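The next block is run33.txt, given as compact mmCIF, C-alpha atoms and all ligand atoms.
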# COMPACT_ATOMS: atom_id res chain seq x y z
CA MET A 1 -81.17 -136.77 -102.93
CA TYR A 2 -79.65 -139.01 -100.28
CA GLY A 3 -77.05 -137.89 -97.80
CA GLY A 4 -77.80 -135.70 -94.75
CA GLY A 5 -79.08 -138.69 -92.78
CA ASN A 6 -81.26 -140.19 -95.55
CA SER A 7 -80.24 -143.62 -96.78
CA PHE A 8 -80.07 -144.42 -100.48
CA GLU A 9 -82.92 -146.91 -100.06
CA ASP A 10 -85.19 -144.31 -98.36
CA VAL A 11 -84.65 -141.75 -101.09
CA TYR A 12 -84.89 -144.34 -103.88
CA ASP A 13 -88.27 -145.49 -102.55
CA LYS A 14 -89.52 -141.92 -102.02
CA GLU A 15 -88.48 -140.67 -105.44
CA LEU A 16 -89.87 -143.70 -107.24
CA LYS A 17 -93.08 -144.26 -105.30
CA HIS A 18 -95.14 -142.43 -107.95
CA GLU A 19 -93.86 -144.68 -110.73
CA ASP A 20 -95.83 -147.64 -111.99
CA PRO A 21 -94.13 -150.69 -110.37
CA GLU A 22 -94.54 -152.87 -113.46
CA GLN A 23 -93.09 -150.28 -115.82
CA LEU A 24 -90.25 -149.62 -113.39
CA ALA A 25 -89.47 -153.33 -113.07
CA GLU A 26 -89.48 -153.76 -116.86
CA PHE A 27 -87.25 -150.68 -117.27
CA GLU A 28 -84.75 -151.98 -114.71
CA ALA A 29 -84.81 -155.43 -116.29
CA ARG A 30 -83.97 -153.89 -119.69
CA ILE A 31 -81.04 -152.06 -118.14
CA GLU A 32 -79.92 -155.22 -116.39
CA ARG A 33 -79.94 -157.03 -119.76
CA GLY A 34 -77.68 -154.31 -121.19
CA GLU A 35 -80.34 -152.84 -123.51
CA LYS A 36 -80.15 -149.19 -124.52
CA ILE A 37 -82.92 -146.74 -123.65
CA GLU A 38 -84.08 -144.35 -126.40
CA SER A 39 -85.71 -140.96 -125.73
CA THR A 40 -89.12 -142.30 -126.82
CA ASP A 41 -89.00 -145.25 -124.39
CA TRP A 42 -90.64 -145.17 -121.00
CA MET A 43 -88.29 -144.08 -118.21
CA PRO A 44 -88.75 -143.09 -114.56
CA GLU A 45 -88.76 -139.35 -113.95
CA LEU A 46 -85.67 -139.65 -111.77
CA TYR A 47 -83.71 -141.27 -114.62
CA ARG A 48 -84.73 -138.37 -116.87
CA THR A 49 -83.83 -135.63 -114.36
CA GLN A 50 -80.52 -137.26 -113.44
CA LEU A 51 -79.56 -137.59 -117.10
CA ILE A 52 -80.51 -133.99 -117.85
CA ARG A 53 -78.41 -132.80 -114.89
CA MET A 54 -75.38 -134.83 -115.88
CA ILE A 55 -75.45 -134.32 -119.66
CA GLU A 56 -76.20 -130.62 -119.27
CA GLN A 57 -73.26 -130.18 -116.87
CA HIS A 58 -71.08 -132.10 -119.30
CA ALA A 59 -72.15 -129.81 -122.19
CA HIS A 60 -71.44 -126.70 -120.11
CA SER A 61 -68.01 -128.14 -119.22
CA GLU A 62 -67.14 -128.50 -122.88
CA ILE A 63 -68.19 -124.99 -123.80
CA ILE A 64 -66.60 -123.32 -120.75
CA GLY A 65 -63.65 -125.72 -121.14
CA SER A 66 -62.84 -124.18 -124.49
CA LEU A 67 -62.10 -120.82 -122.81
CA PRO A 68 -58.78 -121.34 -120.93
CA GLU A 69 -57.14 -122.95 -123.97
CA GLY A 70 -58.91 -120.55 -126.33
CA THR A 71 -57.02 -117.62 -124.83
CA TRP A 72 -53.79 -119.23 -126.11
CA ILE A 73 -54.78 -119.41 -129.79
CA THR A 74 -53.42 -115.96 -130.56
CA ARG A 75 -50.22 -116.66 -128.60
CA ALA A 76 -49.52 -120.27 -129.62
CA PRO A 77 -45.82 -120.84 -130.32
CA GLY A 78 -45.78 -121.28 -134.10
CA PHE A 79 -48.18 -121.83 -136.97
CA LYS A 80 -48.60 -125.60 -136.57
CA ARG A 81 -49.40 -125.35 -132.86
CA LYS A 82 -51.87 -122.55 -133.61
CA LEU A 83 -53.67 -124.60 -136.27
CA ALA A 84 -53.88 -127.65 -134.02
CA LEU A 85 -55.09 -125.64 -131.02
CA MET A 86 -57.73 -123.85 -133.09
CA ALA A 87 -59.03 -127.20 -134.33
CA LYS A 88 -59.06 -128.61 -130.79
CA VAL A 89 -60.93 -125.66 -129.30
CA GLN A 90 -63.45 -125.83 -132.14
CA ASP A 91 -63.92 -129.54 -131.41
CA GLU A 92 -64.68 -128.82 -127.73
CA VAL A 93 -67.40 -126.36 -128.71
CA GLY A 94 -68.73 -128.99 -131.13
CA HIS A 95 -68.85 -131.49 -128.25
CA ALA A 96 -71.03 -129.06 -126.33
CA GLN A 97 -73.42 -128.91 -129.30
CA LEU A 98 -73.66 -132.73 -129.43
CA LEU A 99 -74.27 -132.91 -125.70
CA TYR A 100 -76.87 -130.13 -125.64
CA ALA A 101 -78.67 -132.01 -128.42
CA ALA A 102 -78.52 -135.24 -126.37
CA ALA A 103 -79.92 -133.43 -123.29
CA GLU A 104 -82.68 -131.84 -125.40
CA THR A 105 -84.00 -135.32 -126.25
CA LEU A 106 -85.02 -135.51 -122.58
CA GLY A 107 -87.21 -132.42 -122.75
CA LYS A 108 -85.13 -129.46 -121.55
CA SER A 109 -84.61 -126.72 -124.13
CA ARG A 110 -81.16 -125.42 -125.02
CA GLU A 111 -82.24 -121.89 -124.06
CA ASP A 112 -83.16 -123.09 -120.56
CA MET A 113 -79.85 -124.90 -120.21
CA ILE A 114 -77.82 -121.85 -121.26
CA THR A 115 -79.88 -119.61 -118.98
CA ASP A 116 -79.20 -121.94 -116.04
CA LEU A 117 -75.49 -121.88 -116.84
CA ILE A 118 -75.28 -118.10 -117.04
CA ASN A 119 -77.32 -117.64 -113.86
CA GLY A 120 -75.03 -120.02 -111.98
CA LYS A 121 -77.80 -122.57 -111.39
CA SER A 122 -76.07 -125.35 -113.34
CA LYS A 123 -72.61 -126.62 -112.58
CA TYR A 124 -69.71 -127.29 -114.93
CA SER A 125 -66.34 -128.91 -114.37
CA ASN A 126 -64.29 -127.44 -111.51
CA ILE A 127 -61.08 -127.46 -113.51
CA PHE A 128 -62.05 -124.76 -115.99
CA ASN A 129 -62.29 -122.20 -113.20
CA TYR A 130 -58.51 -121.96 -112.98
CA PRO A 131 -56.43 -119.59 -115.11
CA ALA A 132 -54.09 -120.72 -117.91
CA PHE A 133 -51.22 -118.35 -117.12
CA THR A 134 -48.64 -119.86 -119.46
CA TRP A 135 -48.47 -121.90 -122.65
CA ALA A 136 -47.55 -124.88 -120.47
CA ASP A 137 -50.92 -124.57 -118.69
CA SER A 138 -52.69 -124.99 -122.03
CA CYS A 139 -50.46 -128.03 -122.76
CA PHE A 140 -51.43 -129.56 -119.38
CA ILE A 141 -55.12 -129.14 -120.27
CA SER A 142 -54.72 -130.61 -123.75
CA TRP A 143 -52.91 -133.67 -122.50
CA LEU A 144 -54.04 -134.44 -118.98
CA VAL A 145 -57.48 -132.85 -118.67
CA ASP A 146 -58.40 -134.49 -121.96
CA ALA A 147 -56.93 -137.75 -120.65
CA GLY A 148 -59.12 -137.54 -117.55
CA ALA A 149 -62.15 -136.69 -119.67
CA ILE A 150 -61.52 -139.71 -121.90
CA VAL A 151 -61.24 -142.14 -118.97
CA ASN A 152 -64.68 -141.02 -117.77
CA GLN A 153 -66.28 -140.73 -121.22
CA ILE A 154 -65.14 -144.10 -122.55
CA ALA A 155 -66.70 -145.74 -119.50
CA ASN A 156 -69.94 -143.77 -119.83
CA SER A 157 -70.17 -144.37 -123.60
CA LYS A 158 -71.07 -148.00 -122.74
CA GLY A 159 -73.97 -146.78 -120.60
CA SER A 160 -77.74 -147.16 -120.90
CA TYR A 161 -78.99 -143.93 -122.50
CA ALA A 162 -78.52 -144.32 -126.25
CA PRO A 163 -78.43 -140.63 -127.37
CA TYR A 164 -75.76 -139.83 -124.74
CA CYS A 165 -73.71 -142.91 -125.70
CA ARG A 166 -73.81 -141.99 -129.39
CA ALA A 167 -72.58 -138.47 -128.60
CA LEU A 168 -69.83 -139.83 -126.33
CA GLU A 169 -68.53 -142.26 -128.96
CA ARG A 170 -67.92 -139.42 -131.39
CA ILE A 171 -66.51 -137.17 -128.66
CA CYS A 172 -64.03 -139.84 -127.54
CA ALA A 173 -62.72 -140.27 -131.09
CA GLU A 174 -61.95 -136.54 -131.26
CA GLU A 175 -60.55 -136.41 -127.73
CA ALA A 176 -58.06 -139.13 -128.70
CA PHE A 177 -56.54 -136.67 -131.18
CA HIS A 178 -56.47 -133.91 -128.53
CA LEU A 179 -54.61 -136.21 -126.19
CA LYS A 180 -51.90 -136.91 -128.79
CA TYR A 181 -51.56 -133.22 -129.55
CA GLY A 182 -51.33 -132.38 -125.83
CA HIS A 183 -48.82 -135.16 -125.13
CA HIS A 184 -46.65 -133.90 -127.99
CA CYS A 185 -46.74 -130.36 -126.57
CA VAL A 186 -45.80 -131.56 -123.06
CA ILE A 187 -42.97 -133.79 -124.35
CA HIS A 188 -41.60 -130.78 -126.26
CA LEU A 189 -41.49 -128.61 -123.13
CA ALA A 190 -40.41 -131.33 -120.69
CA THR A 191 -37.45 -132.30 -122.88
CA GLY A 192 -36.64 -128.74 -123.95
CA SER A 193 -34.53 -125.98 -122.44
CA PRO A 194 -34.30 -125.54 -118.64
CA VAL A 195 -36.75 -122.62 -118.92
CA GLN A 196 -39.25 -124.75 -120.84
CA ARG A 197 -38.90 -127.62 -118.35
CA GLN A 198 -39.41 -125.23 -115.45
CA MET A 199 -42.50 -123.74 -117.10
CA MET A 200 -43.97 -127.24 -117.59
CA GLN A 201 -43.18 -128.24 -114.00
CA GLU A 202 -44.89 -125.12 -112.66
CA ALA A 203 -47.98 -125.94 -114.73
CA VAL A 204 -48.08 -129.46 -113.23
CA ASN A 205 -47.75 -127.93 -109.76
CA ARG A 206 -50.65 -125.56 -110.41
CA TRP A 207 -53.03 -128.03 -112.05
CA TRP A 208 -52.47 -131.24 -110.09
CA LYS A 209 -54.94 -130.55 -107.29
CA PRO A 210 -57.83 -129.46 -109.57
CA MET A 211 -57.01 -132.55 -111.68
CA VAL A 212 -57.51 -134.83 -108.66
CA HIS A 213 -60.80 -133.00 -107.95
CA PHE A 214 -61.87 -133.37 -111.60
CA PHE A 215 -63.21 -136.94 -111.12
CA GLY A 216 -65.62 -135.78 -108.43
CA PRO A 217 -65.75 -136.34 -104.65
CA PRO A 218 -64.62 -139.67 -103.18
CA ASP A 219 -67.25 -142.37 -103.67
CA LYS A 220 -68.17 -142.30 -99.98
CA ASP A 221 -69.23 -138.63 -100.37
CA SER A 222 -70.70 -138.85 -103.88
CA VAL A 223 -74.40 -137.98 -103.93
CA HIS A 224 -75.45 -139.42 -107.27
CA THR A 225 -73.09 -142.33 -108.03
CA ARG A 226 -75.22 -145.10 -106.57
CA ILE A 227 -78.38 -144.39 -108.54
CA LEU A 228 -76.42 -143.52 -111.69
CA MET A 229 -74.49 -146.79 -111.52
CA LYS A 230 -77.60 -148.79 -110.71
CA TRP A 231 -79.16 -147.47 -113.94
CA LYS A 232 -75.89 -147.77 -115.89
CA VAL A 233 -75.58 -144.08 -116.67
CA LYS A 234 -72.23 -143.93 -114.91
CA MET A 235 -70.27 -147.07 -115.72
CA ALA A 236 -67.41 -146.36 -113.32
CA SER A 237 -67.40 -144.55 -110.01
CA ASN A 238 -65.47 -141.34 -109.29
CA ASP A 239 -62.75 -143.24 -107.40
CA GLU A 240 -62.48 -145.88 -110.13
CA CYS A 241 -61.99 -143.23 -112.83
CA ARG A 242 -59.45 -141.32 -110.69
CA ASN A 243 -57.52 -144.53 -110.01
CA GLN A 244 -57.51 -145.47 -113.69
CA PHE A 245 -56.21 -142.02 -114.58
CA PHE A 246 -53.37 -142.35 -112.02
CA ASP A 247 -52.57 -145.80 -113.37
CA MET A 248 -52.37 -144.68 -116.97
CA TYR A 249 -50.78 -141.23 -116.65
CA VAL A 250 -48.69 -140.93 -113.47
CA PRO A 251 -45.97 -143.21 -114.90
CA LYS A 252 -46.00 -141.18 -118.15
CA ILE A 253 -45.61 -137.90 -116.23
CA TRP A 254 -42.71 -139.33 -114.18
CA GLU A 255 -41.14 -140.75 -117.37
CA LEU A 256 -40.79 -137.17 -118.63
CA GLY A 257 -38.83 -136.19 -115.51
CA LEU A 258 -41.70 -134.12 -114.15
CA GLU A 259 -42.56 -134.23 -110.47
CA ILE A 260 -46.08 -134.57 -109.12
CA PRO A 261 -46.66 -132.29 -106.11
CA ASP A 262 -47.89 -135.05 -103.82
CA PRO A 263 -45.33 -136.93 -101.72
CA ASN A 264 -47.95 -139.55 -100.80
CA LEU A 265 -48.88 -140.52 -104.35
CA LYS A 266 -48.06 -144.21 -104.52
CA LYS A 267 -49.67 -147.34 -105.90
CA ASP A 268 -50.34 -150.17 -103.49
CA PRO A 269 -48.98 -153.15 -105.47
CA GLU A 270 -51.31 -155.57 -103.71
CA THR A 271 -54.63 -153.77 -104.25
CA GLY A 272 -53.68 -151.79 -107.37
CA ILE A 273 -55.14 -148.71 -105.65
CA TRP A 274 -53.25 -145.42 -105.65
CA ASN A 275 -52.93 -143.58 -102.35
CA TYR A 276 -52.83 -139.80 -102.50
CA SER A 277 -52.88 -136.84 -100.12
CA ASP A 278 -56.14 -135.14 -99.24
CA PRO A 279 -56.50 -132.63 -102.10
CA ASP A 280 -58.50 -130.18 -99.95
CA TRP A 281 -62.07 -131.02 -100.82
CA SER A 282 -63.24 -127.74 -99.27
CA GLU A 283 -61.53 -125.93 -102.17
CA PHE A 284 -63.37 -128.21 -104.61
CA LYS A 285 -66.70 -127.35 -102.99
CA ARG A 286 -65.97 -123.62 -103.13
CA VAL A 287 -64.97 -123.79 -106.79
CA ILE A 288 -67.96 -125.81 -107.98
CA ASN A 289 -70.28 -123.49 -106.07
CA GLY A 290 -69.09 -120.39 -107.90
CA ASP A 291 -66.13 -119.18 -105.87
CA GLY A 292 -63.09 -120.29 -107.87
CA PRO A 293 -60.40 -118.02 -109.30
CA CYS A 294 -62.12 -117.61 -112.70
CA ASN A 295 -65.82 -118.49 -112.21
CA LYS A 296 -67.06 -114.94 -112.68
CA GLU A 297 -64.85 -114.31 -115.70
CA ARG A 298 -65.89 -117.56 -117.40
CA LEU A 299 -69.62 -116.88 -116.97
CA ALA A 300 -69.21 -113.25 -118.06
CA VAL A 301 -67.66 -114.40 -121.36
CA ARG A 302 -70.56 -116.81 -121.90
CA ARG A 303 -73.11 -114.10 -121.06
CA ILE A 304 -71.60 -111.69 -123.60
CA ALA A 305 -71.63 -114.43 -126.27
CA GLU A 306 -75.32 -115.03 -125.54
CA GLU A 307 -76.19 -111.35 -125.75
CA ARG A 308 -74.25 -110.81 -128.97
CA GLY A 309 -75.75 -113.90 -130.59
CA LEU A 310 -79.36 -113.09 -129.65
CA TRP A 311 -80.18 -111.27 -132.88
CA VAL A 312 -78.89 -114.22 -134.94
CA ARG A 313 -81.10 -116.64 -133.06
CA GLN A 314 -84.09 -114.30 -133.43
CA ALA A 315 -83.38 -113.82 -137.14
CA LEU A 316 -83.24 -117.58 -137.67
CA LYS A 317 -86.67 -117.89 -136.06
CA SER A 318 -88.24 -114.92 -137.94
CA PRO A 319 -86.08 -114.11 -140.99
CA LYS A 320 -88.28 -111.24 -142.23
CA ALA A 321 -88.13 -109.09 -139.09
CA THR A 322 -85.56 -106.27 -138.67
CA TYR A 323 -82.92 -106.56 -135.96
CA THR A 324 -80.33 -104.28 -134.49
CA THR A 325 -77.12 -106.08 -133.65
CA PRO A 326 -75.45 -105.14 -130.37
CA LEU A 327 -72.32 -104.35 -132.41
CA ALA A 328 -74.07 -101.96 -134.85
N1 LIG B 401 -66.81 -130.28 -111.32
O1 LIG B 401 -72.53 -137.06 -106.66
P1 LIG B 401 -71.35 -136.61 -107.44
C1 LIG B 401 -63.96 -132.18 -120.43
C2 LIG B 401 -70.68 -132.06 -108.47
S1 LIG B 401 -65.52 -132.72 -119.98
C3 LIG B 401 -67.95 -129.67 -110.94
O2 LIG B 401 -70.17 -137.48 -107.43
P2 LIG B 401 -71.93 -137.24 -110.20
C4 LIG B 401 -63.64 -132.03 -121.86
C5 LIG B 401 -71.85 -132.87 -109.00
O3 LIG B 401 -72.39 -132.27 -110.15
C6 LIG B 401 -65.49 -132.69 -118.20
N2 LIG B 401 -68.92 -130.28 -110.20
O4 LIG B 401 -71.82 -136.27 -108.94
C7 LIG B 401 -62.62 -130.99 -122.09
C8 LIG B 401 -72.78 -132.84 -107.81
O5 LIG B 401 -73.42 -131.56 -107.74
P3 LIG B 401 -75.04 -131.37 -108.07
C9 LIG B 401 -66.76 -132.99 -117.59
C10 LIG B 401 -68.70 -131.56 -109.87
O6 LIG B 401 -72.74 -136.58 -111.23
C11 LIG B 401 -61.28 -131.25 -121.89
C12 LIG B 401 -71.83 -132.90 -106.63
O7 LIG B 401 -70.58 -132.43 -107.10
N3 LIG B 401 -67.11 -134.41 -117.71
O8 LIG B 401 -63.21 -131.95 -119.54
C13 LIG B 401 -67.54 -132.26 -110.25
O9 LIG B 401 -72.34 -138.61 -109.75
C14 LIG B 401 -60.31 -130.26 -122.10
C15 LIG B 401 -71.69 -134.31 -106.08
O10 LIG B 401 -70.93 -135.14 -106.97
C16 LIG B 401 -68.35 -134.81 -117.49
O11 LIG B 401 -69.21 -134.02 -117.18
C17 LIG B 401 -66.58 -131.57 -111.00
N4 LIG B 401 -65.44 -132.13 -111.39
O12 LIG B 401 -70.41 -137.37 -110.70
C18 LIG B 401 -63.03 -129.76 -122.54
C19 LIG B 401 -68.62 -136.28 -117.69
N5 LIG B 401 -67.62 -133.52 -109.75
O13 LIG B 401 -75.21 -131.68 -109.53
C20 LIG B 401 -62.08 -128.76 -122.79
C21 LIG B 401 -70.00 -136.69 -117.28
C22 LIG B 401 -68.78 -133.59 -109.08
O14 LIG B 401 -75.76 -132.35 -107.19
C23 LIG B 401 -60.71 -129.00 -122.58
N6 LIG B 401 -70.24 -136.50 -115.87
N7 LIG B 401 -69.43 -132.42 -109.13
O15 LIG B 401 -75.30 -129.94 -107.74
C24 LIG B 401 -69.92 -137.42 -114.92
O16 LIG B 401 -69.39 -138.48 -115.20
C25 LIG B 401 -70.30 -137.10 -113.51
O17 LIG B 401 -71.32 -136.12 -113.52
C26 LIG B 401 -69.12 -136.60 -112.62
C27 LIG B 401 -69.69 -136.28 -111.21
C28 LIG B 401 -68.09 -137.73 -112.47
C29 LIG B 401 -68.47 -135.36 -113.19

So, in terms of structure tokens, how does the structure I just supplied come out?
Ligand code: FAQ
Amino acid sequence: MYGGGNSFEDVYDKELKHEDPEQLAEFEARIERGEKIESTDWMPELYRTQLIRMIEQHAHSEIIGSLPEGTWITRAPGFKRKLALMAKVQDEVGHAQLLYAAAETLGKSREDMITDLINGKSKYSNIFNYPAFTWADSCFISWLVDAGAIVNQIANSKGSYAPYCRALERICAEEAFHLKYGHHCVIHLATGSPVQRQMMQEAVNRWWKPMVHFFGPPDKDSVHTRILMKWKVKMASNDECRNQFFDMYVPKIWELGLEIPDPNLKKDPETGIWNYSDPDWSEFKRVINGDGPCNKERLAVRRIAEERGLWVRQALKSPKATYTTPLA
């Protein structure tokens, strides 16, 4: 891809030089007209590989994303919270299924995607590599991580690749419920006893930086944004999504009497752009490349699930064979 001295135009020309110019022009004209692309339609190879990369990473994020909150199901404070959290976590795993199915339409098998996840070849969202120490951490995820996910997903659901858009529409409807549940949990703690308020504040302090990272590197450093926006896969840039999130949720966080651990966070009233402190992008790079606080633990859980589920997948393929389960 571009970067490292190569201009976008150089790489665009190089990557697309094997494509038929007429087909490429017609494809780009369709996108320009706002038409949707189906899996059976002609598409340049780069569109296919970019979509696989992005949808696959998104699917992995949902499935790994269910883990930090999942650890709180057994310890949720009360029956109603437990029921709601169980339903939410189940939804996130369901989102992964929808997204894996959308990525499969482009020709990569689910087995290959899971193998690439477990081997550390594929990425997933930075934020799920941090530990949920307290109940308030799980409330932060349910409200604000879901909020960030919705900002990005609503934009992308208007994009050009039809199977991904269909999956995102359903996902956004479910995420809207998660957001309400999470907001309710945070309101409860932020307006509760001093101990509850303190616990919620500490969660905000812990999660704010990874939350700023969540939307991806600043546009000037983003590798894929230009081509993805040209082909209407990404309908808003990383900075646009981050700014929209600040706009919608910073006032709500402050309204609850919670502080955000960034003294420079301020909206410029003239431009509508939020200024914020450098959130240490070197930490972001380390985390997305496998060296965050929980990367190894998260992938180990996924690996065990794969190993334990192998006999079920084999039995579904060949029901008459005999299998030994790893638990027998
Ligand atoms: N984490 O050139 P860009 C959720 C990587 S779903 C890890 O700007 P792009 C639901 C990027 O892959 C959350 N890696 O990349 C939930 C690339 O590396 P590569 C996930 C990141 O694709 C809630 C490199 O950095 N949402 O949370 C991240 O144009 C609660 C350069 O970056 C989606 O996946 C990151 N945050 O923009 C579940 C939405 N950011 O591949 C449970 C769809 C960047 O070259 C509980 N995806 N990188 O090795 C997108 O919109 C885009 O892919 C972005 C990144 C915006 C994530």

Write out as a ChimeraX atom specification each polymer residue whose atoms come within 6 Å of range 199-213 of chain A, counting all atoms listed in the file; drop sequence neighbours fewer than 2 positions from it. /A:127,136-137,196-197,215-216,261,279

Within 12 Å of Glu45 in chain A, counting only C-alpha atoms, which residues show up once you throw out same-chain ones fewer than 5 positions away? Write them as a list in words, please.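 That gives Tyr12, Glu15, Leu16, Lys17, His18, Glu19, Asp20, Gln23, Leu24, Phe27, Gln50, Leu51, Ile52, Leu106 and Gly107 of chain A.
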
Neighbourhood of ligand LIG 401 (chain B) at 8 Å, counting only C-alpha atoms and all ligand atoms, reported as a VMD selection string: chain A and resid 53 to 55 57 to 59 61 to 67 69 89 92 122 to 128 141 to 142 145 to 150 152 to 153 156 175 213 to 219 221 to 226 228 234 237 to 238 284 to 285 287 to 288

To one decimal in Å, tell me the separation between CA of Ala96 in chain A and CA of Lys80 in chain A.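 Pair CA of Ala96 in chain A / CA of Lys80 in chain A returns 24.9 Å.
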
Once you count all atoms listed in the file, what closest atom pair and distance in Å to one decimal does each residue of range 172-197 of chain A within 9 Å of range 243-256 of chain A have, with rows by chain and rising residue number, as a Markdown table?
| residue | atom | partner | partner_atom | distance |
| --- | --- | --- | --- | --- |
| A:Val186 | CA | A:Leu256 | CA | 8.7 |
| A:Ile187 | CA | A:Leu256 | CA | 7.0 |
| A:Ala190 | CA | A:Leu256 | CA | 6.2 |
| A:Thr191 | CA | A:Leu256 | CA | 7.3 |

State, in Å with one decimal place, the distance from CA of Glu38 in chain A to CA of Leu99 in chain A.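 That distance, rounded to one decimal, is 15.1 Å.
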
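In this structure, CA of Leu310 in chain A sits 22.0 Å away from CA of Gly70 in chain A.
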
For Ala236 in chain A, the nearest of the candidates A:Arg33, A:Lys158, A:His183, A:Lys320, counting only C-alpha atoms: A:Lys158

Counting only C-alpha atoms, closest pick from A:His178, A:Arg308, A:Arg166, A:Lys121 relative to Leu85 in chain A is A:His178

Residues within 10 Å of (-46.1, -129.2, -129.4), file coordinates, counting all atoms listed in the file: what are they? Give the list as a PyMOL selection string. chain A and resi 76-78+80-82+84-85+139+180-189

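Using only C-alpha atoms, the contacts of Pro263 in chain A at a cut-off of 10 Å, with sequence neighbours closer than 4 positions omitted, comprise A:Glu259, A:Tyr276, A:Ser277.
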
Residues within 9 Å of (-70.5, -141.8, -125.9), counting all atoms listed in the file, listed as number ranges by chain: A: 153-159, 162-172

For Lys232 in chain A, which residue among A:Phe8, A:Tyr47, A:Trp281, A:Trp274 is the nearest when counting only C-alpha atoms?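 Among the listed residues, A:Tyr47 lies closest to Lys232 in chain A.
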
Could you model N, CA and C atoms for range 40-53 of chain A and present them as a short mmCIF file (atom, residue, chain, number, x, y, z; two decimals), in the frame of the given file?
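Result file follows (selection-v4.cif):
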data_model
loop_
_atom_site.label_atom_id
_atom_site.label_comp_id
_atom_site.auth_asym_id
_atom_site.auth_seq_id
_atom_site.Cartn_x
_atom_site.Cartn_y
_atom_site.Cartn_z
N THR A 40 -87.68 -142.04 -126.71
CA THR A 40 -89.12 -142.30 -126.82
C THR A 40 -89.58 -143.45 -125.91
N ASP A 41 -88.63 -144.13 -125.27
CA ASP A 41 -89.00 -145.25 -124.39
C ASP A 41 -89.47 -144.72 -123.03
N TRP A 42 -90.23 -145.55 -122.36
CA TRP A 42 -90.64 -145.17 -121.00
C TRP A 42 -89.42 -145.13 -120.08
N MET A 43 -89.38 -144.15 -119.21
CA MET A 43 -88.29 -144.08 -118.21
C MET A 43 -88.82 -143.41 -116.95
N PRO A 44 -88.30 -143.79 -115.78
CA PRO A 44 -88.75 -143.09 -114.56
C PRO A 44 -88.29 -141.64 -114.60
N GLU A 45 -89.07 -140.78 -113.95
CA GLU A 45 -88.76 -139.35 -113.95
C GLU A 45 -87.37 -139.08 -113.39
N LEU A 46 -86.98 -139.87 -112.39
CA LEU A 46 -85.67 -139.65 -111.77
C LEU A 46 -84.52 -139.96 -112.73
N TYR A 47 -84.72 -140.95 -113.59
CA TYR A 47 -83.71 -141.27 -114.62
C TYR A 47 -83.58 -140.08 -115.55
N ARG A 48 -84.73 -139.52 -115.95
CA ARG A 48 -84.73 -138.37 -116.87
C ARG A 48 -84.02 -137.17 -116.21
N THR A 49 -84.40 -136.85 -114.97
CA THR A 49 -83.83 -135.63 -114.36
C THR A 49 -82.34 -135.82 -114.07
N GLN A 50 -81.95 -137.01 -113.69
CA GLN A 50 -80.52 -137.26 -113.44
C GLN A 50 -79.72 -137.13 -114.73
N LEU A 51 -80.27 -137.68 -115.82
CA LEU A 51 -79.56 -137.59 -117.10
C LEU A 51 -79.45 -136.14 -117.56
N ILE A 52 -80.56 -135.40 -117.44
CA ILE A 52 -80.51 -133.99 -117.85
C ILE A 52 -79.42 -133.28 -117.05
N ARG A 53 -79.41 -133.47 -115.74
CA ARG A 53 -78.41 -132.80 -114.89
C ARG A 53 -77.00 -133.14 -115.36
#
